[in-house]
file start-v6.txt (compact mmCIF, C-alpha atoms)
# COMPACT_ATOMS: atom_id res chain seq x y z
CA MET A 228 -14.57 -58.37 -34.42
CA THR A 229 -13.21 -57.91 -37.92
CA GLY A 230 -9.97 -56.18 -38.59
CA GLY A 231 -11.02 -54.58 -41.89
CA PRO A 232 -11.24 -50.82 -42.42
CA LEU A 233 -14.36 -49.02 -41.32
CA ARG A 234 -16.58 -47.91 -44.15
CA PRO A 235 -19.01 -45.01 -43.89
CA ARG A 236 -22.62 -46.04 -43.98
CA LEU A 237 -25.09 -44.31 -46.20
CA PRO A 238 -28.23 -42.92 -44.56
CA GLU A 239 -31.33 -45.03 -44.84
CA ARG A 240 -33.08 -42.29 -46.87
CA PRO A 241 -32.06 -39.06 -48.58
CA PRO A 242 -32.75 -35.77 -46.76
CA THR A 243 -36.23 -34.43 -47.27
CA PRO A 244 -37.03 -30.78 -48.02
CA GLY A 245 -38.06 -30.47 -44.37
CA ASP A 246 -34.66 -31.77 -43.22
CA LEU A 247 -32.88 -29.29 -45.47
CA SER A 248 -35.10 -26.48 -44.19
CA GLU A 249 -34.35 -27.40 -40.57
CA ARG A 250 -30.63 -27.48 -41.36
CA ASP A 251 -30.78 -24.02 -42.92
CA ARG A 252 -32.79 -22.65 -40.02
CA PHE A 253 -30.31 -24.07 -37.53
CA ALA A 254 -27.43 -22.54 -39.47
CA ALA A 255 -29.18 -19.16 -39.43
CA LEU A 256 -29.89 -19.53 -35.71
CA ALA A 257 -26.26 -20.37 -34.98
CA GLU A 258 -25.13 -17.42 -37.10
CA ALA A 259 -27.39 -14.98 -35.19
CA SER A 260 -26.94 -16.42 -31.69
CA LEU A 261 -23.76 -14.56 -30.75
CA PRO A 262 -24.80 -11.13 -32.15
CA THR A 263 -28.17 -11.46 -30.38
CA VAL A 264 -26.64 -12.24 -27.01
CA ARG A 265 -24.06 -9.47 -27.36
CA ALA A 266 -26.76 -6.97 -28.35
CA ASN A 267 -28.66 -7.85 -25.16
CA ALA A 268 -25.45 -7.55 -23.14
CA GLU A 269 -24.77 -4.13 -24.69
CA ALA A 270 -28.21 -2.90 -23.64
CA TRP A 271 -27.60 -4.15 -20.10
CA ARG A 272 -24.15 -2.59 -20.07
CA ASN A 273 -25.46 0.83 -21.10
CA GLY A 274 -28.31 0.78 -18.59
CA LEU A 275 -26.13 -0.50 -15.78
CA ALA A 276 -23.40 2.07 -16.50
CA ALA A 277 -25.98 4.87 -16.28
CA PHE A 278 -27.36 3.40 -13.05
CA VAL A 279 -23.91 3.09 -11.45
CA THR A 280 -23.12 6.69 -12.42
CA LEU A 281 -26.38 7.90 -10.88
CA VAL A 282 -25.92 5.95 -7.66
CA THR A 283 -22.29 6.91 -7.13
CA THR A 284 -23.04 10.57 -7.82
CA GLY A 285 -25.85 10.51 -5.28
CA VAL A 286 -23.66 8.82 -2.69
CA VAL A 287 -20.83 11.31 -3.19
CA LEU A 288 -23.16 14.33 -2.96
CA LYS A 289 -25.53 13.19 -0.21
CA GLY A 290 -23.82 10.30 1.51
CA ARG A 291 -22.04 12.42 4.11
CA ASP A 292 -25.16 14.40 4.99
CA THR A 293 -27.26 11.24 5.16
CA THR A 294 -25.02 9.33 7.58
CA ALA A 295 -23.48 12.15 9.59
CA ASP A 296 -26.16 12.05 12.29
CA LEU A 297 -26.39 8.24 12.56
CA PRO A 298 -24.98 6.25 15.48
CA LEU A 299 -21.69 4.51 14.74
CA GLY A 300 -23.17 1.02 14.42
CA TRP A 301 -25.89 2.11 12.03
CA ARG A 302 -23.43 4.25 10.06
CA THR A 303 -21.14 1.24 9.65
CA ALA A 304 -24.03 -0.95 8.48
CA VAL A 305 -25.23 1.67 5.98
CA THR A 306 -21.68 2.13 4.68
CA LEU A 307 -21.20 -1.61 4.19
CA LEU A 308 -24.58 -2.07 2.49
CA ILE A 309 -24.33 0.88 0.12
CA GLY A 310 -20.59 0.44 -0.50
CA GLY A 311 -21.11 -3.28 -1.11
CA GLY A 312 -24.03 -2.53 -3.43
CA ILE A 313 -21.91 -0.17 -5.51
CA ALA A 314 -19.07 -2.71 -5.65
CA LEU A 315 -21.49 -5.42 -6.79
CA CYS A 316 -22.91 -3.07 -9.42
CA LEU A 317 -19.41 -2.60 -10.78
CA ALA A 318 -18.90 -6.38 -10.80
CA GLY A 319 -22.17 -6.82 -12.69
CA LEU A 320 -21.10 -4.12 -15.13
CA TRP A 321 -17.84 -5.97 -15.74
CA GLN A 322 -19.76 -9.18 -16.49
CA ALA A 323 -22.00 -7.33 -18.95
CA LEU A 324 -18.93 -5.80 -20.61
CA ALA A 325 -17.31 -9.23 -20.88
CA ALA A 326 -20.50 -10.69 -22.36
CA GLN A 327 -20.79 -7.85 -24.87
CA ALA A 328 -17.16 -7.63 -25.97
CA GLY A 329 -15.82 -11.08 -25.16
CA THR A 330 -12.66 -11.87 -23.23
CA ARG A 331 -10.67 -14.02 -25.66
CA GLU A 332 -7.35 -12.39 -26.51
CA VAL A 333 -5.71 -15.31 -28.37
CA THR A 334 -5.81 -16.07 -32.06
CA VAL A 335 -7.95 -19.09 -32.92
CA SER A 336 -7.28 -20.96 -36.12
CA LEU A 337 -9.77 -22.98 -38.13
CA ALA A 338 -7.94 -26.14 -37.15
CA ASP A 339 -8.37 -25.27 -33.47
CA ILE A 340 -12.08 -24.69 -34.01
CA HIS A 341 -12.48 -28.02 -35.79
CA ARG A 342 -10.46 -29.85 -33.13
CA ARG A 343 -12.42 -28.40 -30.19
CA HIS A 344 -15.88 -27.79 -31.60
CA ALA A 345 -16.04 -29.78 -34.87
CA SER A 346 -17.55 -26.86 -36.81
CA VAL A 347 -17.66 -23.07 -36.96
CA ALA A 348 -21.39 -23.13 -36.16
CA ALA A 349 -20.73 -25.08 -32.96
CA TYR A 350 -17.95 -22.62 -32.10
CA GLN A 351 -20.33 -19.68 -32.51
CA ILE A 352 -22.90 -21.39 -30.32
CA ALA A 353 -20.23 -22.03 -27.67
CA LEU A 354 -19.27 -18.35 -27.71
CA ALA A 355 -22.94 -17.34 -27.46
CA ASP A 356 -23.46 -19.75 -24.56
CA SER A 357 -20.43 -18.34 -22.73
CA ALA A 358 -21.64 -14.76 -23.27
CA ALA A 359 -25.15 -15.69 -22.13
CA ALA A 360 -23.70 -17.28 -18.98
CA ARG A 361 -21.78 -14.10 -18.21
CA LEU A 362 -24.89 -12.03 -18.81
CA ARG A 363 -26.93 -14.25 -16.45
CA ARG A 364 -24.17 -13.97 -13.86
CA GLY A 365 -24.15 -10.21 -14.24
CA ARG A 366 -27.93 -10.04 -13.78
CA THR A 367 -27.70 -12.10 -10.60
CA ILE A 368 -24.96 -9.87 -9.22
CA VAL A 369 -26.98 -6.76 -10.05
CA ALA A 370 -30.02 -8.22 -8.28
CA VAL A 371 -27.94 -8.72 -5.12
CA ALA A 372 -26.52 -5.20 -5.54
CA LEU A 373 -30.01 -3.70 -5.74
CA LEU A 374 -31.00 -5.58 -2.58
CA CYS A 375 -27.96 -4.20 -0.73
CA LEU A 376 -28.69 -0.66 -1.91
CA PHE A 377 -32.35 -0.99 -0.93
CA LEU A 378 -31.45 -2.28 2.54
CA GLY A 379 -28.92 0.54 2.94
CA ILE A 380 -31.55 3.15 2.08
CA VAL A 381 -34.12 1.56 4.40
CA ALA A 382 -31.52 1.52 7.18
CA THR A 383 -31.10 5.30 6.86
CA TRP A 384 -34.88 5.69 7.23
CA TRP A 385 -35.17 3.59 10.39
CA ALA A 386 -31.85 4.33 12.08
CA PRO A 387 -32.22 6.33 15.30
CA ALA A 388 -30.60 9.73 15.49
CA ALA A 389 -27.27 9.90 17.22
CA GLU A 390 -27.45 10.92 20.84
CA PRO A 391 -26.56 14.59 21.25
CA ASP A 392 -23.47 15.49 23.19
CA PRO A 393 -24.18 16.09 26.86
CA ALA A 394 -24.73 19.72 27.74
CA ALA A 395 -21.68 21.49 29.10
CA TYR A 396 -22.11 23.21 32.44
CA VAL A 397 -20.02 25.99 33.91
CA THR A 398 -19.32 26.82 37.52
CA VAL A 399 -18.72 30.53 38.11
CA THR A 400 -17.14 31.63 41.37
CA HIS A 401 -18.06 35.17 42.37
CA ASP A 402 -18.63 37.17 45.55
CA GLY A 403 -17.50 34.25 47.71
CA THR A 404 -20.07 31.85 46.23
CA SER A 405 -20.45 29.63 43.17
CA THR A 406 -23.19 29.44 40.57
CA CYS A 407 -23.51 26.37 38.32
CA GLY A 408 -25.62 26.04 35.19
CA THR A 409 -25.51 26.34 31.43
CA LEU A 410 -23.84 29.34 29.91
CA ALA A 411 -26.51 31.56 28.35
CA GLY A 412 -24.15 34.31 27.22
CA ALA A 413 -21.06 36.33 28.08
CA ASP A 414 -21.25 39.82 26.65
CA GLY A 415 -21.94 43.36 27.77
CA GLY A 416 -19.59 43.06 30.72
CA SER A 417 -21.50 40.20 32.36
CA VAL A 418 -21.85 36.42 32.38
CA ARG A 419 -25.38 35.00 32.19
CA ILE A 420 -25.96 31.53 33.62
CA LYS A 421 -29.15 29.50 33.29
CA VAL A 422 -29.58 27.48 36.47
CA ALA A 423 -31.53 24.23 36.13
CA GLY A 424 -34.89 24.24 37.86
CA THR A 425 -35.28 28.02 37.81
CA ALA A 426 -36.81 30.33 35.23
CA GLU A 427 -34.46 33.20 35.91
CA THR A 428 -30.98 33.72 34.53
CA VAL A 429 -28.23 34.65 36.98
CA VAL A 430 -26.24 37.63 35.75
CA VAL A 431 -22.74 38.02 37.16
CA PRO A 432 -20.58 41.05 36.27
CA THR A 433 -17.32 39.92 34.77
CA ASP A 434 -15.32 41.97 37.26
CA LYS A 435 -16.87 39.92 40.04
CA VAL A 436 -15.88 36.58 38.50
CA THR A 437 -12.90 35.05 40.27
CA ALA A 438 -13.01 31.61 38.61
CA LEU A 439 -14.86 29.82 35.79
CA ARG A 440 -14.73 26.09 35.15
CA VAL A 441 -16.45 23.78 32.68
CA VAL A 442 -17.98 20.75 34.44
CA GLU A 443 -19.99 17.72 33.28
CA ARG A 444 -22.79 18.23 35.78
CA CYS A 445 -23.79 20.62 38.50
call {"tool": "encode", "arguments": {"input": "start-v6.txt", "output": "structure tokens"}}
result
Amino acid sequence: MTGGPLRPRLPERPPTPGDLSERDRFAALAEASLPTVRANAEAWRNGLAAFVTLVTTGVVLKGRDTTADLPLGWRTAVTLLIGGGIALCLAGLWQALAAQAGTREVTVSLADIHRRHASVAAYQIALADSAAARLRRGRTIVAVALLCLFLGIVATWWAPAAEPDPAAYVTVTHDGTSTCGTLAGADGGSVRIKVAGTAETVVVPTDKVTALRVVERC
């Protein structure tokens, strides 16, 4: 090993017109890479923002009516799926915003660019690659969000209806006896009771009623 200074070596041949053309094309590609990626991210951001607005508006307006009659377990599952889908949509929207606008808030000098990336073109390509990665991440998150929303909607289609509350029965004491059944009405000075297993309704004058109790079964 010699201890003399290193001397730059000349290339074996001068650049050809093709080499110069490739260099110019690469420079143009590097110059357009970041604006292209950010334009794509802006389109995704606008579409995703409109989609999130539509979904959240629909959930606010119809969500209560859609899940009110579902059993508790199904209602919890639908809430987690749709709520998680909306949260993931917002996360995907944030990634698209970051890809479109960038997240660097520090001042970068030319010396910093040369020290880290060797050239401005390489720096632009690094920024474009970072924005493209964020955009890909946002697309993946949105895909998972759409799956959650779809599963939440399908769950509302297939969920069984909540079991109705058991019918309330009343026991009416009158004339030394008791009549038990469902209350059909209490107006016109009488109490009407529908007794299970019979087609007729028992009518008891209110002045004959000595006691009235609500019971779970007769």
call {"tool": "residues_near_point", "arguments": {"input": "start-v6.txt", "point": "(-33.7, 2.9, 13.5)", "cutoff": "12 Å", "atoms": "all atoms listed in the file", "output": "number ranges by chain"}}
result
A: 296-298, 300-302, 304-305, 379-389
call {"tool": "residues_around", "arguments": {"input": "start-v6.txt", "residues": "stretch 363-376 of chain A", "least_positions_apart": "6", "cutoff": "8 Å", "atoms": "all atoms listed in the file", "output": "PDB file with C-alpha atoms, in the frame of the given file"}}
result
ATOM      1  CA  LEU A 308     -24.580  -2.070   2.490  1.00  0.00           C
ATOM      2  CA  ILE A 309     -24.330   0.880   0.120  1.00  0.00           C
ATOM      3  CA  GLY A 311     -21.110  -3.280  -1.110  1.00  0.00           C
ATOM      4  CA  GLY A 312     -24.030  -2.530  -3.430  1.00  0.00           C
ATOM      5  CA  ILE A 313     -21.910  -0.170  -5.510  1.00  0.00           C
ATOM      6  CA  ALA A 314     -19.070  -2.710  -5.650  1.00  0.00           C
ATOM      7  CA  LEU A 315     -21.490  -5.420  -6.790  1.00  0.00           C
ATOM      8  CA  CYS A 316     -22.910  -3.070  -9.420  1.00  0.00           C
ATOM      9  CA  ALA A 318     -18.900  -6.380 -10.800  1.00  0.00           C
ATOM     10  CA  GLY A 319     -22.170  -6.820 -12.690  1.00  0.00           C
ATOM     11  CA  LEU A 320     -21.100  -4.120 -15.130  1.00  0.00           C
ATOM     12  CA  TRP A 321     -17.840  -5.970 -15.740  1.00  0.00           C
ATOM     13  CA  GLN A 322     -19.760  -9.180 -16.490  1.00  0.00           C
ATOM     14  CA  ALA A 323     -22.000  -7.330 -18.950  1.00  0.00           C
TER      15      ALA A 323
END
call {"tool": "atom_distance", "arguments": {"input": "start-v6.txt", "atom1": "atom CA of A:Ala325", "atom2": "atom CA of A:Thr284"}}
result
24.4 Å
call {"tool": "closest_residue", "arguments": {"input": "start-v6.txt", "among": "A:Arg343, A:Arg272, A:Arg361, A:Arg440", "to": "A:Thr398", "atoms": "all atoms listed in the file"}}
result
A:Arg440
call {"tool": "build_atoms", "arguments": {"input": "start-v6.txt", "residues": "stretch 297-326 of chain A", "atoms": "N, CA and C atoms", "output": "PDB file, in the coordinates of the input"}}
result
ATOM      1  N   LEU A 297     -26.049   9.594  12.146  1.00  0.00           N
ATOM      2  CA  LEU A 297     -26.390   8.240  12.560  1.00  0.00           C
ATOM      3  C   LEU A 297     -25.428   7.752  13.641  1.00  0.00           C
ATOM      4  N   PRO A 298     -25.909   6.888  14.532  1.00  0.00           N
ATOM      5  CA  PRO A 298     -24.980   6.250  15.480  1.00  0.00           C
ATOM      6  C   PRO A 298     -23.932   5.438  14.734  1.00  0.00           C
ATOM      7  N   LEU A 299     -22.821   5.154  15.407  1.00  0.00           N
ATOM      8  CA  LEU A 299     -21.690   4.510  14.740  1.00  0.00           C
ATOM      9  C   LEU A 299     -22.064   3.153  14.159  1.00  0.00           C
ATOM     10  N   GLY A 300     -22.805   2.338  14.917  1.00  0.00           N
ATOM     11  CA  GLY A 300     -23.170   1.020  14.420  1.00  0.00           C
ATOM     12  C   GLY A 300     -24.036   1.082  13.174  1.00  0.00           C
ATOM     13  N   TRP A 301     -25.032   1.961  13.196  1.00  0.00           N
ATOM     14  CA  TRP A 301     -25.890   2.110  12.030  1.00  0.00           C
ATOM     15  C   TRP A 301     -25.110   2.707  10.859  1.00  0.00           C
ATOM     16  N   ARG A 302     -24.222   3.653  11.138  1.00  0.00           N
ATOM     17  CA  ARG A 302     -23.430   4.250  10.060  1.00  0.00           C
ATOM     18  C   ARG A 302     -22.536   3.200   9.398  1.00  0.00           C
ATOM     19  N   THR A 303     -21.965   2.306  10.213  1.00  0.00           N
ATOM     20  CA  THR A 303     -21.140   1.240   9.650  1.00  0.00           C
ATOM     21  C   THR A 303     -21.971   0.305   8.775  1.00  0.00           C
ATOM     22  N   ALA A 304     -23.172  -0.058   9.262  1.00  0.00           N
ATOM     23  CA  ALA A 304     -24.030  -0.950   8.480  1.00  0.00           C
ATOM     24  C   ALA A 304     -24.447  -0.305   7.160  1.00  0.00           C
ATOM     25  N   VAL A 305     -24.823   0.971   7.203  1.00  0.00           N
ATOM     26  CA  VAL A 305     -25.230   1.670   5.980  1.00  0.00           C
ATOM     27  C   VAL A 305     -24.052   1.763   5.010  1.00  0.00           C
ATOM     28  N   THR A 306     -22.866   2.040   5.538  1.00  0.00           N
ATOM     29  CA  THR A 306     -21.680   2.130   4.680  1.00  0.00           C
ATOM     30  C   THR A 306     -21.386   0.802   3.994  1.00  0.00           C
ATOM     31  N   LEU A 307     -21.472  -0.297   4.763  1.00  0.00           N
ATOM     32  CA  LEU A 307     -21.200  -1.610   4.190  1.00  0.00           C
ATOM     33  C   LEU A 307     -22.252  -1.985   3.142  1.00  0.00           C
ATOM     34  N   LEU A 308     -23.522  -1.698   3.425  1.00  0.00           N
ATOM     35  CA  LEU A 308     -24.580  -2.070   2.490  1.00  0.00           C
ATOM     36  C   LEU A 308     -24.482  -1.259   1.193  1.00  0.00           C
ATOM     37  N   ILE A 309     -24.365   0.053   1.321  1.00  0.00           N
ATOM     38  CA  ILE A 309     -24.330   0.880   0.120  1.00  0.00           C
ATOM     39  C   ILE A 309     -22.987   0.703  -0.613  1.00  0.00           C
ATOM     40  N   GLY A 310     -21.889   0.665   0.144  1.00  0.00           N
ATOM     41  CA  GLY A 310     -20.590   0.440  -0.500  1.00  0.00           C
ATOM     42  C   GLY A 310     -20.530  -0.926  -1.176  1.00  0.00           C
ATOM     43  N   GLY A 311     -21.074  -1.962  -0.494  1.00  0.00           N
ATOM     44  CA  GLY A 311     -21.110  -3.280  -1.110  1.00  0.00           C
ATOM     45  C   GLY A 311     -22.008  -3.322  -2.327  1.00  0.00           C
ATOM     46  N   GLY A 312     -23.140  -2.591  -2.269  1.00  0.00           N
ATOM     47  CA  GLY A 312     -24.030  -2.530  -3.430  1.00  0.00           C
ATOM     48  C   GLY A 312     -23.359  -1.902  -4.631  1.00  0.00           C
ATOM     49  N   ILE A 313     -22.609  -0.825  -4.403  1.00  0.00           N
ATOM     50  CA  ILE A 313     -21.910  -0.170  -5.510  1.00  0.00           C
ATOM     51  C   ILE A 313     -20.825  -1.103  -6.070  1.00  0.00           C
ATOM     52  N   ALA A 314     -20.106  -1.790  -5.177  1.00  0.00           N
ATOM     53  CA  ALA A 314     -19.070  -2.710  -5.650  1.00  0.00           C
ATOM     54  C   ALA A 314     -19.684  -3.848  -6.474  1.00  0.00           C
ATOM     55  N   LEU A 315     -20.834  -4.362  -6.029  1.00  0.00           N
ATOM     56  CA  LEU A 315     -21.490  -5.420  -6.790  1.00  0.00           C
ATOM     57  C   LEU A 315     -22.018  -4.898  -8.130  1.00  0.00           C
ATOM     58  N   CYS A 316     -22.496  -3.654  -8.148  1.00  0.00           N
ATOM     59  CA  CYS A 316     -22.910  -3.070  -9.420  1.00  0.00           C
ATOM     60  C   CYS A 316     -21.754  -3.012 -10.401  1.00  0.00           C
ATOM     61  N   LEU A 317     -20.579  -2.641  -9.912  1.00  0.00           N
ATOM     62  CA  LEU A 317     -19.410  -2.600 -10.780  1.00  0.00           C
ATOM     63  C   LEU A 317     -19.036  -4.006 -11.269  1.00  0.00           C
ATOM     64  N   ALA A 318     -19.181  -5.005 -10.374  1.00  0.00           N
ATOM     65  CA  ALA A 318     -18.900  -6.380 -10.800  1.00  0.00           C
ATOM     66  C   ALA A 318     -19.906  -6.837 -11.857  1.00  0.00           C
ATOM     67  N   GLY A 319     -21.187  -6.481 -11.677  1.00  0.00           N
ATOM     68  CA  GLY A 319     -22.170  -6.820 -12.690  1.00  0.00           C
ATOM     69  C   GLY A 319     -21.910  -6.109 -14.005  1.00  0.00           C
ATOM     70  N   LEU A 320     -21.450  -4.857 -13.921  1.00  0.00           N
ATOM     71  CA  LEU A 320     -21.100  -4.120 -15.130  1.00  0.00           C
ATOM     72  C   LEU A 320     -19.944  -4.784 -15.865  1.00  0.00           C
ATOM     73  N   TRP A 321     -18.974  -5.278 -15.117  1.00  0.00           N
ATOM     74  CA  TRP A 321     -17.840  -5.970 -15.740  1.00  0.00           C
ATOM     75  C   TRP A 321     -18.313  -7.238 -16.461  1.00  0.00           C
ATOM     76  N   GLN A 322     -19.229  -7.989 -15.843  1.00  0.00           N
ATOM     77  CA  GLN A 322     -19.760  -9.180 -16.490  1.00  0.00           C
ATOM     78  C   GLN A 322     -20.505  -8.823 -17.772  1.00  0.00           C
ATOM     79  N   ALA A 323     -21.282  -7.751 -17.744  1.00  0.00           N
ATOM     80  CA  ALA A 323     -22.000  -7.330 -18.950  1.00  0.00           C
ATOM     81  C   ALA A 323     -21.013  -6.891 -20.034  1.00  0.00           C
ATOM     82  N   LEU A 324     -19.950  -6.196 -19.641  1.00  0.00           N
ATOM     83  CA  LEU A 324     -18.930  -5.800 -20.610  1.00  0.00           C
ATOM     84  C   LEU A 324     -18.260  -7.026 -21.224  1.00  0.00           C
ATOM     85  N   ALA A 325     -17.952  -8.021 -20.380  1.00  0.00           N
ATOM     86  CA  ALA A 325     -17.310  -9.230 -20.880  1.00  0.00           C
ATOM     87  C   ALA A 325     -18.251  -9.994 -21.816  1.00  0.00           C
ATOM     88  N   ALA A 326     -19.547 -10.009 -21.493  1.00  0.00           N
ATOM     89  CA  ALA A 326     -20.500 -10.690 -22.360  1.00  0.00           C
ATOM     90  C   ALA A 326     -20.663  -9.956 -23.686  1.00  0.00           C
TER      91      ALA A 326
END
